[in-house]
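Chemist: The file below is run_27.cif, mmCIF, C-alpha atoms:
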data_my_file
#
loop_
_atom_site.label_atom_id
_atom_site.label_comp_id
_atom_site.auth_asym_id
_atom_site.auth_seq_id
_atom_site.Cartn_x
_atom_site.Cartn_y
_atom_site.Cartn_z
CA MET R 1 67.72 65.51 -26.54
CA ASN R 2 68.83 63.56 -29.61
CA ARG R 3 67.27 60.40 -28.17
CA PHE R 4 63.80 61.87 -28.38
CA ILE R 5 61.49 63.50 -30.87
CA LYS R 6 61.64 67.18 -30.02
CA ALA R 7 59.01 68.71 -32.30
CA SER R 8 57.70 72.00 -30.93
CA LEU R 9 53.93 72.43 -31.02
CA LEU R 10 51.59 75.38 -30.69
CA ALA R 11 48.52 74.16 -28.78
CA ALA R 12 49.60 70.71 -29.91
CA MET R 13 50.26 71.71 -33.51
CA VAL R 14 53.64 71.06 -35.16
CA ALA R 15 55.57 74.31 -35.23
CA ALA R 16 57.14 74.44 -38.67
CA PRO R 17 59.21 77.51 -39.69
CA VAL R 18 56.11 79.00 -41.31
CA MET R 19 52.61 78.22 -40.01
CA ALA R 20 50.37 80.44 -42.08
CA ASP R 21 46.63 80.90 -41.74
CA GLU R 22 45.72 77.90 -39.59
CA VAL R 23 42.70 78.04 -37.29
CA PHE R 24 41.97 75.40 -34.65
CA GLY R 25 40.70 74.79 -31.14
CA GLY R 26 43.56 74.47 -28.67
CA ILE R 27 44.87 75.40 -25.23
CA GLY R 28 48.02 77.38 -26.15
CA VAL R 29 51.22 75.52 -25.31
CA THR R 30 54.37 74.47 -27.11
CA ILE R 31 55.34 70.90 -26.28
CA TYR R 32 57.66 68.08 -27.29
CA GLN R 33 57.12 64.36 -27.04
CA LEU R 34 58.78 62.19 -24.43
CA ARG R 35 58.28 58.52 -23.69
CA ASN R 36 55.89 59.13 -20.80
CA GLY R 37 53.97 62.12 -22.11
CA VAL R 38 54.54 65.58 -23.53
CA LYS R 39 56.78 68.16 -21.89
CA VAL R 40 55.54 71.76 -21.82
CA ALA R 41 58.25 73.92 -23.37
CA GLU R 42 56.28 77.19 -23.31
CA VAL R 43 52.88 78.52 -22.28
CA ILE R 44 51.55 81.10 -24.74
CA PRO R 45 50.40 84.32 -23.01
CA GLY R 46 46.71 85.17 -23.36
CA THR R 47 45.59 81.58 -24.05
CA PRO R 48 43.55 79.17 -21.89
CA ALA R 49 46.72 77.38 -20.78
CA ALA R 50 48.04 80.66 -19.36
CA GLU R 51 44.94 80.85 -17.13
CA SER R 52 45.65 77.40 -15.69
CA LYS R 53 48.41 76.16 -13.40
CA LEU R 54 50.44 74.75 -16.31
CA GLN R 55 54.04 75.94 -16.39
CA ALA R 56 57.03 75.45 -18.66
CA GLY R 57 58.72 72.22 -17.61
CA ASP R 58 55.52 70.41 -16.59
CA LEU R 59 54.88 66.96 -18.04
CA ILE R 60 51.36 66.27 -19.41
CA ILE R 61 50.78 62.55 -18.93
CA ALA R 62 47.08 62.14 -19.83
CA VAL R 63 44.19 63.89 -21.63
CA ASP R 64 40.63 63.05 -20.57
CA GLY R 65 41.99 60.00 -18.76
CA GLN R 66 43.85 58.65 -21.80
CA SER R 67 47.59 58.22 -21.28
CA LEU R 68 50.06 60.06 -23.51
CA ALA R 69 52.76 57.50 -22.73
CA ARG R 70 54.29 55.92 -25.83
CA GLN R 71 52.22 58.12 -28.14
CA ASP R 72 53.71 59.78 -31.19
CA ILE R 73 53.61 63.55 -31.48
CA GLU R 74 50.73 63.53 -33.97
CA SER R 75 48.53 61.47 -31.64
CA SER R 76 49.30 63.80 -28.73
CA LYS R 77 48.46 66.78 -30.93
CA GLU R 78 45.08 65.34 -31.87
CA MET R 79 44.23 64.65 -28.24
CA LEU R 80 45.01 68.21 -27.10
CA ARG R 81 43.29 69.91 -30.02
CA GLY R 82 39.53 69.76 -30.55
CA GLN R 83 36.23 71.58 -30.62
CA VAL R 84 36.39 75.24 -29.64
CA ASN R 85 34.91 75.95 -26.19
CA LYS R 86 34.89 72.23 -25.31
CA PRO R 87 36.65 71.47 -22.01
CA LEU R 88 39.31 68.81 -21.64
CA GLU R 89 40.89 67.39 -18.51
CA ILE R 90 44.66 67.15 -18.48
CA THR R 91 46.73 65.24 -15.94
CA PHE R 92 50.21 66.67 -15.47
CA VAL R 93 53.23 66.50 -13.23
CA SER R 94 54.35 69.85 -11.83
CA GLY R 95 57.19 69.86 -9.35
CA ALA R 96 56.51 67.06 -6.88
CA ASP R 97 52.75 67.00 -7.55
CA THR R 98 50.55 65.14 -10.00
CA LEU R 99 47.57 67.41 -10.77
CA THR R 100 44.47 67.52 -12.93
CA SER R 101 43.16 70.67 -14.61
CA VAL R 102 40.06 71.26 -16.71
CA ILE R 103 40.79 73.73 -19.51
CA ARG R 104 38.31 75.06 -22.07
CA ARG R 105 39.73 75.20 -25.61
CA ALA R 106 39.75 78.57 -27.37
CA GLN R 107 39.91 79.36 -31.06
CA LEU R 108 43.53 79.98 -31.99
CA THR R 109 44.79 81.36 -35.29
CA VAL R 110 48.38 81.22 -36.54
CA LYS R 111 49.12 83.67 -39.35
CA ASP R 112 52.16 85.07 -41.09
CA LEU R 113 52.93 88.32 -39.27
CA GLU R 114 53.11 91.58 -41.18
CA GLY R 115 55.31 94.58 -40.52
CA GLU R 116 52.99 96.82 -38.52
CA LYS R 117 51.92 93.93 -36.33
CA VAL R 118 55.58 93.39 -35.46
CA GLU R 119 55.84 97.06 -34.53
CA ALA R 120 52.66 96.84 -32.44
CA TRP R 121 54.07 93.89 -30.52
CA TYR R 122 57.67 94.98 -29.99
CA GLY R 123 57.47 98.76 -30.26
CA ASP R 124 60.73 100.65 -30.84
CA LYS R 125 62.91 97.70 -29.82
CA SER R 126 62.38 95.85 -33.09
CA GLU R 127 65.33 95.32 -35.39
CA PHE R 128 64.01 95.04 -38.94
CA ASP R 129 65.94 93.61 -41.83
CA ALA R 130 65.64 94.35 -45.55
CA VAL R 131 62.68 92.02 -46.12
CA GLU R 132 59.73 93.81 -47.68
CA LEU R 133 56.76 93.45 -45.31
CA GLU R 134 53.13 94.31 -45.89
CA THR R 135 51.54 96.63 -43.33
CA TYR R 136 48.05 96.62 -41.88
CA ALA R 137 46.14 99.06 -39.73
CA SER R 138 46.09 97.10 -36.47
CA ALA R 139 47.26 94.01 -34.67
CA THR R 140 43.85 92.33 -34.75
CA VAL R 141 42.14 90.01 -37.20
CA GLY R 142 38.36 90.20 -36.88
CA GLU R 143 37.48 89.46 -33.24
CA LYS R 144 40.85 87.90 -32.52
CA GLN R 145 43.65 89.55 -30.58
CA LEU R 146 47.35 89.07 -31.18
CA VAL R 147 48.73 87.50 -27.98
CA ALA R 148 52.15 86.20 -29.01
CA VAL R 149 54.79 86.14 -31.73
CA LEU R 150 56.63 83.03 -32.88
CA GLN R 151 59.83 82.85 -34.88
CA ARG R 152 60.43 79.43 -36.44
CA GLY R 153 58.09 77.91 -33.86
CA THR R 154 59.74 79.52 -30.81
CA LEU R 155 57.92 81.98 -28.58
CA LEU R 156 59.48 85.45 -28.62
CA LYS R 157 59.33 87.72 -25.59
CA LYS R 158 57.95 91.24 -25.77
CA ASP R 159 61.03 92.78 -24.19
CA GLY R 160 63.44 91.44 -26.82
CA SER R 161 64.53 92.42 -30.29
CA VAL R 162 63.54 90.51 -33.39
CA ASN R 163 64.64 89.95 -36.94
CA ALA R 164 61.58 90.20 -39.15
CA ARG R 165 62.04 86.89 -40.99
CA ASP R 166 59.82 83.85 -40.48
CA LEU R 167 57.46 85.44 -37.96
CA ASN R 168 53.99 84.19 -37.10
CA GLY R 169 51.35 85.84 -34.95
CA VAL R 170 49.23 83.83 -32.52
CA TYR R 171 45.70 85.20 -32.30
CA VAL R 172 43.07 84.17 -29.74
CA GLU R 173 39.33 84.60 -30.08
CA ARG R 174 38.38 87.09 -27.37
CA ALA R 175 34.60 86.67 -27.53
CA GLU R 176 33.14 86.00 -24.08
CA GLU R 177 32.02 82.48 -24.89
CA PHE R 178 35.62 81.53 -25.68
CA ALA R 179 37.13 83.16 -22.60
CA PRO R 180 39.75 80.88 -21.01
CA LYS R 181 38.41 79.04 -17.97
CA ALA R 182 40.38 76.50 -15.96
CA THR R 183 39.99 74.63 -12.71
CA VAL R 184 42.72 72.76 -10.90
CA GLN R 185 42.26 69.79 -8.63
CA GLY R 186 44.72 68.16 -6.27
CA VAL R 187 46.52 64.88 -6.65
CA ALA R 188 45.35 63.24 -9.85
CA LYS R 189 42.92 60.36 -9.73
CA ALA R 190 44.69 58.86 -12.77
CA GLY R 191 47.66 57.45 -10.84
CA SER R 192 47.42 54.09 -9.06
CA ALA R 193 51.07 54.10 -7.96
CA THR R 194 52.97 56.44 -5.63
CA LEU R 195 56.73 56.96 -5.54
CA LYS R 196 58.02 56.56 -1.97
CA GLY R 197 61.73 57.10 -2.49
CA ILE R 198 64.77 56.67 -4.72
CA SER R 199 68.40 55.88 -3.96
CA ARG R 200 71.32 54.85 -6.13
CA LYS R 201 70.45 51.20 -5.51
CA ALA R 202 66.65 51.01 -5.45
CA VAL R 203 63.33 52.71 -6.20
CA GLY R 204 60.47 52.24 -3.72
CA PHE R 205 56.80 52.76 -4.55
CA ASP R 206 53.28 51.87 -3.40
CA LEU R 207 50.74 50.13 -5.67
CA LYS R 208 47.00 50.22 -5.11
CA SER R 209 46.48 46.83 -6.77
CA ALA R 210 48.45 43.88 -8.14
CA GLY R 211 49.92 44.10 -11.63
CA SER R 212 52.94 45.07 -13.66
CA ALA R 213 54.75 48.36 -13.06
CA ILE R 214 57.17 50.22 -15.31
CA VAL R 215 59.34 52.84 -13.63
CA THR R 216 61.09 55.40 -15.83
CA ILE R 217 63.75 57.81 -14.53
CA MET R 218 64.44 60.96 -16.60
CA ASN R 219 66.84 63.83 -16.02
CA ALA R 220 65.98 67.54 -16.16
CA ASP R 221 66.50 67.60 -19.95
CA GLY R 222 63.95 64.84 -20.45
CA GLU R 223 66.60 62.24 -21.27
CA GLN R 224 65.85 58.70 -20.19
CA VAL R 225 68.27 57.48 -17.51
CA ALA R 226 66.73 54.08 -16.70
CA VAL R 227 63.63 51.97 -17.30
CA LEU R 228 62.78 49.36 -14.65
CA ARG R 229 60.04 46.75 -14.90
CA MET R 230 58.19 44.65 -12.33
CA ASP R 231 55.82 42.01 -13.73
CA ASP R 232 54.29 40.80 -10.47
CA GLY R 233 53.83 43.91 -8.34
CA GLN R 234 51.65 43.45 -5.24
CA PRO R 235 49.35 45.91 -3.42
CA GLY R 236 51.34 47.99 -0.96
CA PHE R 237 55.04 48.74 -0.91
CA ASN R 238 57.31 47.40 -3.69
CA THR R 239 61.00 47.83 -4.54
CA LEU R 240 62.95 47.69 -7.80
CA ASN R 241 66.74 47.51 -7.74
CA TRP R 242 68.88 49.51 -10.15
CA ASN R 243 72.46 50.75 -10.47
CA GLY R 244 72.67 54.53 -10.22
CA GLU R 245 76.26 54.78 -9.04
CA ASN R 246 77.39 56.64 -12.18
CA VAL R 247 74.32 58.89 -12.43
CA PRO R 248 75.01 62.55 -11.52
CA ALA R 249 73.35 63.92 -8.40
CA GLY R 250 70.36 66.17 -9.02
CA ARG R 251 66.61 66.29 -9.56
CA TYR R 252 64.98 63.60 -11.68
CA MET R 253 61.48 62.90 -12.96
CA VAL R 254 60.24 59.43 -11.96
CA THR R 255 57.07 58.11 -13.63
CA ILE R 256 55.29 54.86 -12.83
CA GLU R 257 52.95 53.09 -15.26
CA HIS R 258 50.61 50.64 -13.56
CA ASN R 259 47.45 48.91 -14.80
CA GLY R 260 46.78 51.47 -17.53
CA SER R 261 47.44 54.58 -15.44
CA ILE R 262 50.53 56.71 -15.03
CA SER R 263 51.74 58.91 -12.19
CA GLY R 264 54.88 60.98 -11.77
CA LYS R 265 56.95 62.84 -9.24
CA ASN R 266 60.19 64.80 -9.11
CA ALA R 267 62.80 63.23 -6.82
CA LEU R 268 66.25 64.28 -5.63
CA LEU R 269 69.09 61.82 -6.20
CA LYS R 270 71.95 62.51 -3.79
#
How does this structure look as structure tokens?
Modeler:
Amino acid sequence: MNRFIKASLLAAMVAAPVMADEVFGGIGVTIYQLRNGVKVAEVIPGTPAAESKLQAGDLIIAVDGQSLARQDIESSKEMLRGQVNKPLEITFVSGADTLTSVIRRAQLTVKDLEGEKVEAWYGDKSEFDAVELETYASATVGEKQLVAVLQRGTLLKKDGSVNARDLNGVYVERAEEFAPKATVQGVAKAGSATLKGISRKAVGFDLKSAGSAIVTIMNADGEQVAVLRMDDGQPGFNTLNWNGENVPAGRYMVTIEHNGSISGKNALLK
């Protein structure tokens, strides 16, 4: 991943080692920036994203119809964050499908996590170190409920053990008006190109209209394998040649940018 920016985000917020007392409207994912969008590293339990069809490994390629291709991580963050309770439409690639989902942002709070909150989250399985930790009466802050624990920006599972350094709690507003609501539609309207097939010598795809097309092939780790360009693509079936003889067999993500839209699909290279 050293060829890409891999900054982890909570609901599109940079996940520094300590993220104390920050409140914002978000959907509840950790992501990192790739050339063609943002890859979902984790979905935070109890957040709006967890109520949608988003999964770890999905690639978000557009927000409210605006492409995330070639954006920097700060721009992607700003597009995913916003007014609490305001819906946003995301376009994402999941498996072989390009989908759209409408997700309503909730109020998220990231706070330094105190000792008793760690106990409330992990129970008897916690492994505490010698750090002095303040304790509080419960694992709630006002109307917000603790839904996840981060350590240095990485989501920690409830069934694991934890060292008590550099922990943050993720709290979600549980009031009814902020309840996560999501709808999922089928194939995204954003894409105007469709991958038809890939071999070690060529990539075939359909275009809805004439125009340039940029085809990007990425491996399972999000590393760019090849970028192919066609300046004079025509409506219907098109082919771009490439040399994939030395590329390992396996599953690859193929995205196609065409006339301001982007679509993607997983494909098996044999």
Chemist: Tell me which protein, DNA and RNA residues are within 10 Å of Gly250 (chain R), counting all atoms listed in the file, leaving out same-chain ones fewer than 4 positions away, and put them as number ranges by chain.
Modeler: R: 219-220, 267-270
Chemist: Please compute the CA of Ala249 (chain R)-CA of Asp231 (chain R) distance, one decimal, in Å.
Modeler: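 It comes out at 28.6 Å.
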Chemist: Could you build a table of the residues in region 21-59 of chain R lying no more than 12 Å from region 157-173 of chain R, giving for each the nearest pair of atoms and their separation in Å rounded to one decimal place, using all atoms listed in the file, ordered by chain and ascending residue number, as a Markdown table?
Modeler:
| residue | atom | partner | partner_atom | distance |
| --- | --- | --- | --- | --- |
| R:Asp21 | CA | R:Asn168 | CA | 9.3 |
| R:Glu22 | CA | R:Val170 | CA | 9.9 |
| R:Val23 | CA | R:Tyr171 | CA | 9.2 |
| R:Phe24 | CA | R:Val172 | CA | 10.1 |
| R:Gly25 | CA | R:Val172 | CA | 9.8 |
| R:Gly26 | CA | R:Val172 | CA | 9.8 |
| R:Ile27 | CA | R:Val172 | CA | 10.0 |
| R:Gly28 | CA | R:Val172 | CA | 9.1 |
| R:Val29 | CA | R:Val170 | CA | 11.2 |
| R:Thr30 | CA | R:Val170 | CA | 12.0 |
| R:Glu42 | CA | R:Lys157 | CA | 11.2 |
| R:Val43 | CA | R:Lys157 | CA | 11.7 |
| R:Ile44 | CA | R:Val170 | CA | 8.6 |
| R:Pro45 | CA | R:Val170 | CA | 9.6 |
| R:Gly46 | CA | R:Val172 | CA | 7.4 |
| R:Thr47 | CA | R:Val172 | CA | 6.7 |
| R:Pro48 | CA | R:Val172 | CA | 9.3 |
| R:Ala49 | CA | R:Val172 | CA | 11.8 |
Chemist: Give me the result of the PyMOL selection byres ((chain R and resi 196) around 7) on this file, residue by residue, as a list in words.
Modeler: Thr194, Leu195, Gly197, Gly204, Phe205 and Asp206 of chain R
Chemist: Quick one: residues within 10 Å of Gly233 (chain R), only C-alpha atoms, excluding same-chain residues fewer than 6 positions away - as a PDB file with C-alpha atoms, in the frame of the given file?
Modeler:
ATOM      1  CA  ASP R 206      53.280  51.870  -3.400  1.00  0.00           C
ATOM      2  CA  LEU R 207      50.740  50.130  -5.670  1.00  0.00           C
ATOM      3  CA  LYS R 208      47.000  50.220  -5.110  1.00  0.00           C
ATOM      4  CA  SER R 209      46.480  46.830  -6.770  1.00  0.00           C
ATOM      5  CA  ALA R 210      48.450  43.880  -8.140  1.00  0.00           C
ATOM      6  CA  GLY R 211      49.920  44.100 -11.630  1.00  0.00           C
ATOM      7  CA  SER R 212      52.940  45.070 -13.660  1.00  0.00           C
ATOM      8  CA  ALA R 213      54.750  48.360 -13.060  1.00  0.00           C
ATOM      9  CA  ILE R 214      57.170  50.220 -15.310  1.00  0.00           C
ATOM     10  CA  THR R 239      61.000  47.830  -4.540  1.00  0.00           C
ATOM     11  CA  LEU R 240      62.950  47.690  -7.800  1.00  0.00           C
ATOM     12  CA  HIS R 258      50.610  50.640 -13.560  1.00  0.00           C
TER      13      HIS R 258
END
Chemist: Quote the spacing between CA of Gly37 (chain R) and CA of Lys265 (chain R) in Å to one decimal place.
Modeler: 13.2 Å
Chemist: Go ahead and compute the interatomic distance for CA of Val227 (chain R) and CA of Asn246 (chain R), in Å to one decimal.
Modeler: 15.4 Å
Chemist: Spell out the residues picked by the PyMOL selection byres ((chain R and resi 92) around 6) here, as an mmCIF file with C-alpha atoms, in the coordinates of the input.
Modeler:
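Saved file part_13.cif follows:
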data_model
loop_
_atom_site.group_PDB
_atom_site.id
_atom_site.type_symbol
_atom_site.label_atom_id
_atom_site.label_comp_id
_atom_site.auth_asym_id
_atom_site.auth_seq_id
_atom_site.Cartn_x
_atom_site.Cartn_y
_atom_site.Cartn_z
ATOM 1 C CA LEU R 59 54.880 66.960 -18.040
ATOM 2 C CA ILE R 60 51.360 66.270 -19.410
ATOM 3 C CA ILE R 61 50.780 62.550 -18.930
ATOM 4 C CA THR R 91 46.730 65.240 -15.940
ATOM 5 C CA VAL R 93 53.230 66.500 -13.230
ATOM 6 C CA THR R 98 50.550 65.140 -10.000
ATOM 7 C CA LEU R 99 47.570 67.410 -10.770
#
Chemist: On this structure, which residues satisfy the PyMOL selection byres ((chain R and resi 67-70) around 7), written as number ranges by chain?
Modeler: R: 35-37, 61-63, 65-66, 71-72, 76, 261
Chemist: Using only C-alpha atoms, which residues sit within 7 Å of Pro87 (chain R) once same-chain residues fewer than 5 positions away are excluded, as a PyMOL selection string?
Modeler: chain R and resi 102-105
Chemist: Which centre and edge lengths in Å to one decimal define the box along x, y and z that fits every listed atom of region 254-269 of chain R plus 8 Å per side, as AutoDock Vina command-line options?
Modeler:
--center_x 57.9 --center_y 56.9 --center_z -11.6 --size_x 38.3 --size_y 31.9 --size_z 27.9
Chemist: Considering all atoms listed in the file, can you say which of R:Ser192, R:Gln224, R:Ser101, R:Gln55 comes closest to Val40 (chain R)?
Modeler: R:Gln55
